[in-house]
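**Q** Sharing a structure below in structure tokens format, with a few things to ask.
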Amino acid sequence: MPIEPYRVQAYNTAKQSENKMHDDTVAKRFGFSGGLVPGVNVMAYMMHQPVAKWGRAFLERGLIEARFVKPVYDGELAELTAEEDNGVLSIEVQSRGQLCATGTASLPVSAPAVSIADYQEVAAVAERKPVNASSYEVGKWLGTTPRDWAGEAATGYLADIRETDTIYAREGLGHPGLLQRMMNRVLVDNAILGPWIHVGSRMQLFSAAKAGDVITARAKVIGNYDKKGHHFVELDALVVGNGKTPLAHCHHIAIYQPREQVAA
């Protein structure tokens, strides 16, 4: 059965964010034509087709991977196509006639085993300092400020990402895009960042989040390196609901200092 294409009028939820890469004026200084729609939102758009195909099962044990190639801009149409081969959906996001993101999604027979004890629970730093090499030292454990999206916040988020699937409201579930948002919080809650860019993510879901769950992330820095003048960080993390339920295992890659910032 062919997978229906999915179209979204992209919306930049982060105009007021501390990350000025989402601000039109600043983004233009970095050679973009306007504020970037956050990668975690683009990834949330990419979850629509797998959920349409597999339903709640995907929210409980789905695997999704995404790479962000080109920006999606506020107000522009994002067109998502998905093709299935051997149980794997290959997803592409096009906007303004350009390929903006690629990814895959699949439904493992069962979610892999995970031990919450393997992920150290630490608090976010008490006082954030401007980002430097030691903010994300390899081997360091990072925590987040707990967040919950209950009631209006949960429905507001679904509106922000233009999600049309009724499963979340109908079954009182949190959208898995929120778990990606927590991965961004790992970076933001532990340093004061200048403009930065989310590059890609892989997420194995373990349990459907409920609307209103208190969500935290337990992240270990597994990479911190320079590539083409950019400073990259890689995180390996467990996103946890209510301090006890593993919701997802995430690998998150970001440029925490673009070369223009490094040179500044």
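Numbering starts fresh at 1 for the residues of each chain in the structure tokens, the chains themselves are lettered A, B, ... in the order given, and ligands are numbered from 1 as they appear.
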Determine, counting only C-alpha atoms, which protein, DNA and RNA residues have an atom within 9 Å of an atom of range 200-215 of chain A; residues of the same chain fewer than 2 positions away are not included. Present the result as a count of residues only.

**A** 60

**Q** I need the residues in range 79-243 of chain A that are alpha helix (DSSP H) according to DSSP; give them as a VMD selection string.

**A** chain A and resid 151 to 160 167 to 171 177 to 188

**Q** Could you give me, as a count of residues only, the residues within 7 Å of Pro130 in chain A, counting only C-alpha atoms and dropping anything in the same chain fewer than 4 positions from it?

**A** 3

**Q** Please run DSSP on the backbone and report, as a PyMOL selection string, all residues within range 17-255 of chain A that come out as strand (DSSP E or B).

**A** chain A and resi 36+63-68+73+77-85+88-95+98-106+130+141-142+147-148+173+192+197-205+210+214-227+230-241+245-255

**Q** Those selected residues, please, written with C-alpha atoms and delivered as a PDB file, in the first residue's frame.

**A**
```pdb
ATOM      1  CA  LEU A  36      15.303  28.007  10.764  1.00  0.00           C
ATOM      2  CA  LEU A  63      12.784   3.382  15.654  1.00  0.00           C
ATOM      3  CA  ILE A  64      13.376   6.610  13.754  1.00  0.00           C
ATOM      4  CA  GLU A  65      16.469   8.291  12.413  1.00  0.00           C
ATOM      5  CA  ALA A  66      16.752  11.737  10.838  1.00  0.00           C
ATOM      6  CA  ARG A  67      19.442  13.851   9.197  1.00  0.00           C
ATOM      7  CA  PHE A  68      18.907  17.527   8.525  1.00  0.00           C
ATOM      8  CA  TYR A  73      11.850  27.952   6.789  1.00  0.00           C
ATOM      9  CA  LEU A  77       5.383  24.169   2.771  1.00  0.00           C
ATOM     10  CA  ALA A  78       7.269  21.024   3.802  1.00  0.00           C
ATOM     11  CA  GLU A  79       6.396  17.966   1.718  1.00  0.00           C
ATOM     12  CA  LEU A  80       7.104  14.545   3.175  1.00  0.00           C
ATOM     13  CA  THR A  81       7.239  11.391   1.118  1.00  0.00           C
ATOM     14  CA  ALA A  82       7.782   7.892   2.463  1.00  0.00           C
ATOM     15  CA  GLU A  83       8.594   4.694   0.625  1.00  0.00           C
ATOM     16  CA  GLU A  84       8.543   1.267   2.202  1.00  0.00           C
ATOM     17  CA  ASP A  85      11.079  -1.402   1.494  1.00  0.00           C
ATOM     18  CA  VAL A  88      11.614   0.182   6.552  1.00  0.00           C
ATOM     19  CA  LEU A  89      10.138   3.540   5.622  1.00  0.00           C
ATOM     20  CA  SER A  90      12.543   5.891   3.862  1.00  0.00           C
ATOM     21  CA  ILE A  91      11.358   9.425   4.509  1.00  0.00           C
ATOM     22  CA  GLU A  92      12.315  12.595   2.663  1.00  0.00           C
ATOM     23  CA  VAL A  93      11.395  16.169   3.506  1.00  0.00           C
ATOM     24  CA  GLN A  94      11.389  18.644   0.613  1.00  0.00           C
ATOM     25  CA  SER A  95      10.784  22.366   0.845  1.00  0.00           C
ATOM     26  CA  GLN A  98      15.208  21.291  -2.039  1.00  0.00           C
ATOM     27  CA  LEU A  99      15.854  18.127  -0.057  1.00  0.00           C
ATOM     28  CA  CYS A 100      15.850  19.316   3.561  1.00  0.00           C
ATOM     29  CA  ALA A 101      15.906  16.106   5.598  1.00  0.00           C
ATOM     30  CA  THR A 102      16.176  12.362   5.134  1.00  0.00           C
ATOM     31  CA  GLY A 103      15.405   9.565   7.511  1.00  0.00           C
ATOM     32  CA  THR A 104      14.182   6.057   8.122  1.00  0.00           C
ATOM     33  CA  ALA A 105      11.558   4.578  10.401  1.00  0.00           C
ATOM     34  CA  SER A 106      10.821   0.984  11.286  1.00  0.00           C
ATOM     35  CA  PRO A 130      28.818  30.582  28.162  1.00  0.00           C
ATOM     36  CA  TRP A 141      26.862  13.121  32.346  1.00  0.00           C
ATOM     37  CA  LEU A 142      24.317  15.873  31.764  1.00  0.00           C
ATOM     38  CA  ARG A 147       9.432  19.345  31.893  1.00  0.00           C
ATOM     39  CA  ASP A 148       5.835  18.323  31.460  1.00  0.00           C
ATOM     40  CA  LEU A 173      -0.546  10.485  24.655  1.00  0.00           C
ATOM     41  CA  ILE A 192      24.596  29.378  27.431  1.00  0.00           C
ATOM     42  CA  ILE A 197      22.284  23.730  14.854  1.00  0.00           C
ATOM     43  CA  HIS A 198      20.742  20.293  15.447  1.00  0.00           C
ATOM     44  CA  VAL A 199      22.260  18.028  12.770  1.00  0.00           C
ATOM     45  CA  GLY A 200      20.676  14.624  13.268  1.00  0.00           C
ATOM     46  CA  SER A 201      19.140  12.125  15.665  1.00  0.00           C
ATOM     47  CA  ARG A 202      18.310   8.494  16.147  1.00  0.00           C
ATOM     48  CA  MET A 203      15.554   7.537  18.560  1.00  0.00           C
ATOM     49  CA  GLN A 204      14.383   4.117  19.727  1.00  0.00           C
ATOM     50  CA  LEU A 205      11.058   4.417  21.533  1.00  0.00           C
ATOM     51  CA  LYS A 210       1.357  10.107  28.377  1.00  0.00           C
ATOM     52  CA  VAL A 214       7.246  14.664  33.789  1.00  0.00           C
ATOM     53  CA  ILE A 215      10.103  14.161  31.341  1.00  0.00           C
ATOM     54  CA  THR A 216      13.845  14.300  31.980  1.00  0.00           C
ATOM     55  CA  ALA A 217      16.885  13.193  30.013  1.00  0.00           C
ATOM     56  CA  ARG A 218      19.993  11.411  31.292  1.00  0.00           C
ATOM     57  CA  ALA A 219      22.687  12.059  28.735  1.00  0.00           C
ATOM     58  CA  LYS A 220      26.302  11.076  28.368  1.00  0.00           C
ATOM     59  CA  VAL A 221      28.562  13.079  26.065  1.00  0.00           C
ATOM     60  CA  ILE A 222      30.071  10.548  23.651  1.00  0.00           C
ATOM     61  CA  GLY A 223      31.605  12.934  21.124  1.00  0.00           C
ATOM     62  CA  ASN A 224      33.062  16.440  21.022  1.00  0.00           C
ATOM     63  CA  TYR A 225      35.085  17.283  17.926  1.00  0.00           C
ATOM     64  CA  ASP A 226      35.803  19.811  15.197  1.00  0.00           C
ATOM     65  CA  LYS A 227      34.748  19.218  11.612  1.00  0.00           C
ATOM     66  CA  HIS A 230      32.389  23.615  13.408  1.00  0.00           C
ATOM     67  CA  HIS A 231      32.347  22.317  17.010  1.00  0.00           C
ATOM     68  CA  PHE A 232      30.159  19.203  17.229  1.00  0.00           C
ATOM     69  CA  VAL A 233      28.727  17.381  20.238  1.00  0.00           C
ATOM     70  CA  GLU A 234      27.184  13.892  20.316  1.00  0.00           C
ATOM     71  CA  LEU A 235      24.955  12.653  23.122  1.00  0.00           C
ATOM     72  CA  ASP A 236      23.822   9.176  24.117  1.00  0.00           C
ATOM     73  CA  ALA A 237      20.775   9.488  26.335  1.00  0.00           C
ATOM     74  CA  LEU A 238      17.810   7.898  27.946  1.00  0.00           C
ATOM     75  CA  VAL A 239      14.671  10.027  28.068  1.00  0.00           C
ATOM     76  CA  VAL A 240      12.706   9.078  31.182  1.00  0.00           C
ATOM     77  CA  GLY A 241       9.087   9.600  32.226  1.00  0.00           C
ATOM     78  CA  THR A 245       9.884   4.787  32.867  1.00  0.00           C
ATOM     79  CA  PRO A 246      12.370   4.683  29.978  1.00  0.00           C
ATOM     80  CA  LEU A 247      10.599   6.436  27.093  1.00  0.00           C
ATOM     81  CA  ALA A 248      13.360   6.508  24.483  1.00  0.00           C
ATOM     82  CA  HIS A 249      17.028   5.887  23.793  1.00  0.00           C
ATOM     83  CA  CYS A 250      18.440   8.777  21.778  1.00  0.00           C
ATOM     84  CA  HIS A 251      21.613   9.577  19.894  1.00  0.00           C
ATOM     85  CA  HIS A 252      21.686  13.336  19.255  1.00  0.00           C
ATOM     86  CA  ILE A 253      24.204  15.289  17.161  1.00  0.00           C
ATOM     87  CA  ALA A 254      24.506  19.076  17.111  1.00  0.00           C
ATOM     88  CA  ILE A 255      26.890  21.819  16.050  1.00  0.00           C
TER      89      ILE A 255
END
```

**Q** Give the answer as one residue: which of A:Asp118, A:Asp23, A:Glu152, A:Glu76 has the shortest atom-to-atom distance to Arg7 in chain A, using only C-alpha atoms?

**A**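 The answer is A:Glu76, which sits nearest to Arg7 in chain A.
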
**Q** Mind checking which residues fall within 9 Å of His48 in chain A, counting only C-alpha atoms, ignoring those fewer than 4 positions away in the same chain, and posting them as a PDB file with all heavy atoms, in the first residue's frame?

**A**
```pdb
ATOM      1  N   TYR A   6       2.659  13.655   2.917  1.00  0.00           N
ATOM      2  CA  TYR A   6       2.174  14.469   4.037  1.00  0.00           C
ATOM      3  C   TYR A   6       2.719  15.879   3.855  1.00  0.00           C
ATOM      4  O   TYR A   6       3.910  16.052   3.587  1.00  0.00           O
ATOM      5  CB  TYR A   6       2.669  13.841   5.349  1.00  0.00           C
ATOM      6  CG  TYR A   6       2.309  14.580   6.606  1.00  0.00           C
ATOM      7  CD1 TYR A   6       0.982  14.858   6.936  1.00  0.00           C
ATOM      8  CD2 TYR A   6       3.305  14.979   7.508  1.00  0.00           C
ATOM      9  CE1 TYR A   6       0.657  15.514   8.112  1.00  0.00           C
ATOM     10  CE2 TYR A   6       2.982  15.633   8.693  1.00  0.00           C
ATOM     11  CZ  TYR A   6       1.653  15.902   8.989  1.00  0.00           C
ATOM     12  OH  TYR A   6       1.336  16.547  10.154  1.00  0.00           O
ATOM     13  N   ALA A  44       9.648  15.868  14.148  1.00  0.00           N
ATOM     14  CA  ALA A  44       8.263  15.585  14.574  1.00  0.00           C
ATOM     15  C   ALA A  44       7.364  15.412  13.354  1.00  0.00           C
ATOM     16  O   ALA A  44       6.494  14.531  13.338  1.00  0.00           O
ATOM     17  CB  ALA A  44       7.748  16.703  15.481  1.00  0.00           C
ATOM     18  N   ALA A  52       1.003   6.994  11.268  1.00  0.00           N
ATOM     19  CA  ALA A  52      -0.172   6.696  10.436  1.00  0.00           C
ATOM     20  C   ALA A  52      -0.150   5.219  10.015  1.00  0.00           C
ATOM     21  O   ALA A  52      -1.192   4.563   9.940  1.00  0.00           O
ATOM     22  CB  ALA A  52      -0.187   7.603   9.207  1.00  0.00           C
ATOM     23  N   LYS A  53       1.044   4.696   9.771  1.00  0.00           N
ATOM     24  CA  LYS A  53       1.180   3.306   9.310  1.00  0.00           C
ATOM     25  C   LYS A  53       1.035   2.296  10.455  1.00  0.00           C
ATOM     26  O   LYS A  53       0.309   1.318  10.343  1.00  0.00           O
ATOM     27  CB  LYS A  53       2.536   3.123   8.623  1.00  0.00           C
ATOM     28  CG  LYS A  53       2.749   1.697   8.117  1.00  0.00           C
ATOM     29  CD  LYS A  53       4.015   1.569   7.303  1.00  0.00           C
ATOM     30  CE  LYS A  53       4.295   0.134   6.936  1.00  0.00           C
ATOM     31  NZ  LYS A  53       3.199  -0.523   6.193  1.00  0.00           N
ATOM     32  N   GLU A 163       0.283  18.833  13.851  1.00  0.00           N
ATOM     33  CA  GLU A 163      -0.045  17.406  13.826  1.00  0.00           C
ATOM     34  C   GLU A 163      -1.555  17.207  13.703  1.00  0.00           C
ATOM     35  O   GLU A 163      -2.320  17.740  14.485  1.00  0.00           O
ATOM     36  CB  GLU A 163       0.485  16.724  15.106  1.00  0.00           C
ATOM     37  CG  GLU A 163       0.263  15.220  15.160  1.00  0.00           C
ATOM     38  CD  GLU A 163       0.784  14.503  13.923  1.00  0.00           C
ATOM     39  OE1 GLU A 163       2.012  14.380  13.772  1.00  0.00           O
ATOM     40  OE2 GLU A 163      -0.052  14.078  13.107  1.00  0.00           O
ATOM     41  N   THR A 164      -1.956  16.414  12.696  1.00  0.00           N
ATOM     42  CA  THR A 164      -3.383  16.207  12.436  1.00  0.00           C
ATOM     43  C   THR A 164      -3.896  14.857  12.945  1.00  0.00           C
ATOM     44  O   THR A 164      -5.098  14.631  13.007  1.00  0.00           O
ATOM     45  CB  THR A 164      -3.654  16.292  10.920  1.00  0.00           C
ATOM     46  OG1 THR A 164      -2.751  15.393  10.254  1.00  0.00           O
ATOM     47  CG2 THR A 164      -3.426  17.708  10.403  1.00  0.00           C
ATOM     48  N   ASP A 165      -2.976  13.945  13.304  1.00  0.00           N
ATOM     49  CA  ASP A 165      -3.389  12.618  13.773  1.00  0.00           C
ATOM     50  C   ASP A 165      -4.113  12.773  15.115  1.00  0.00           C
ATOM     51  O   ASP A 165      -3.616  13.439  16.019  1.00  0.00           O
ATOM     52  CB  ASP A 165      -2.153  11.721  13.935  1.00  0.00           C
ATOM     53  CG  ASP A 165      -2.513  10.242  13.995  1.00  0.00           C
ATOM     54  OD1 ASP A 165      -3.519   9.889  14.640  1.00  0.00           O
ATOM     55  OD2 ASP A 165      -1.773   9.441  13.390  1.00  0.00           O
TER      56      ASP A 165
END
```

**Q** Counting only C-alpha atoms, figure out which residue out of A:Arg181, A:Lys140, A:Lys244, A:Arg259 gets nearest to Tyr157 in chain A.

**A**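 Going through A:Arg181, A:Lys140, A:Lys244, A:Arg259 one by one, the smallest distance to Tyr157 in chain A is for A:Arg181.
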
**Q** Grab the CA of Ala126 in chain A to CA of Pro195 in chain A distance for me, in Å with one decimal place.

**A** 21.9 Å
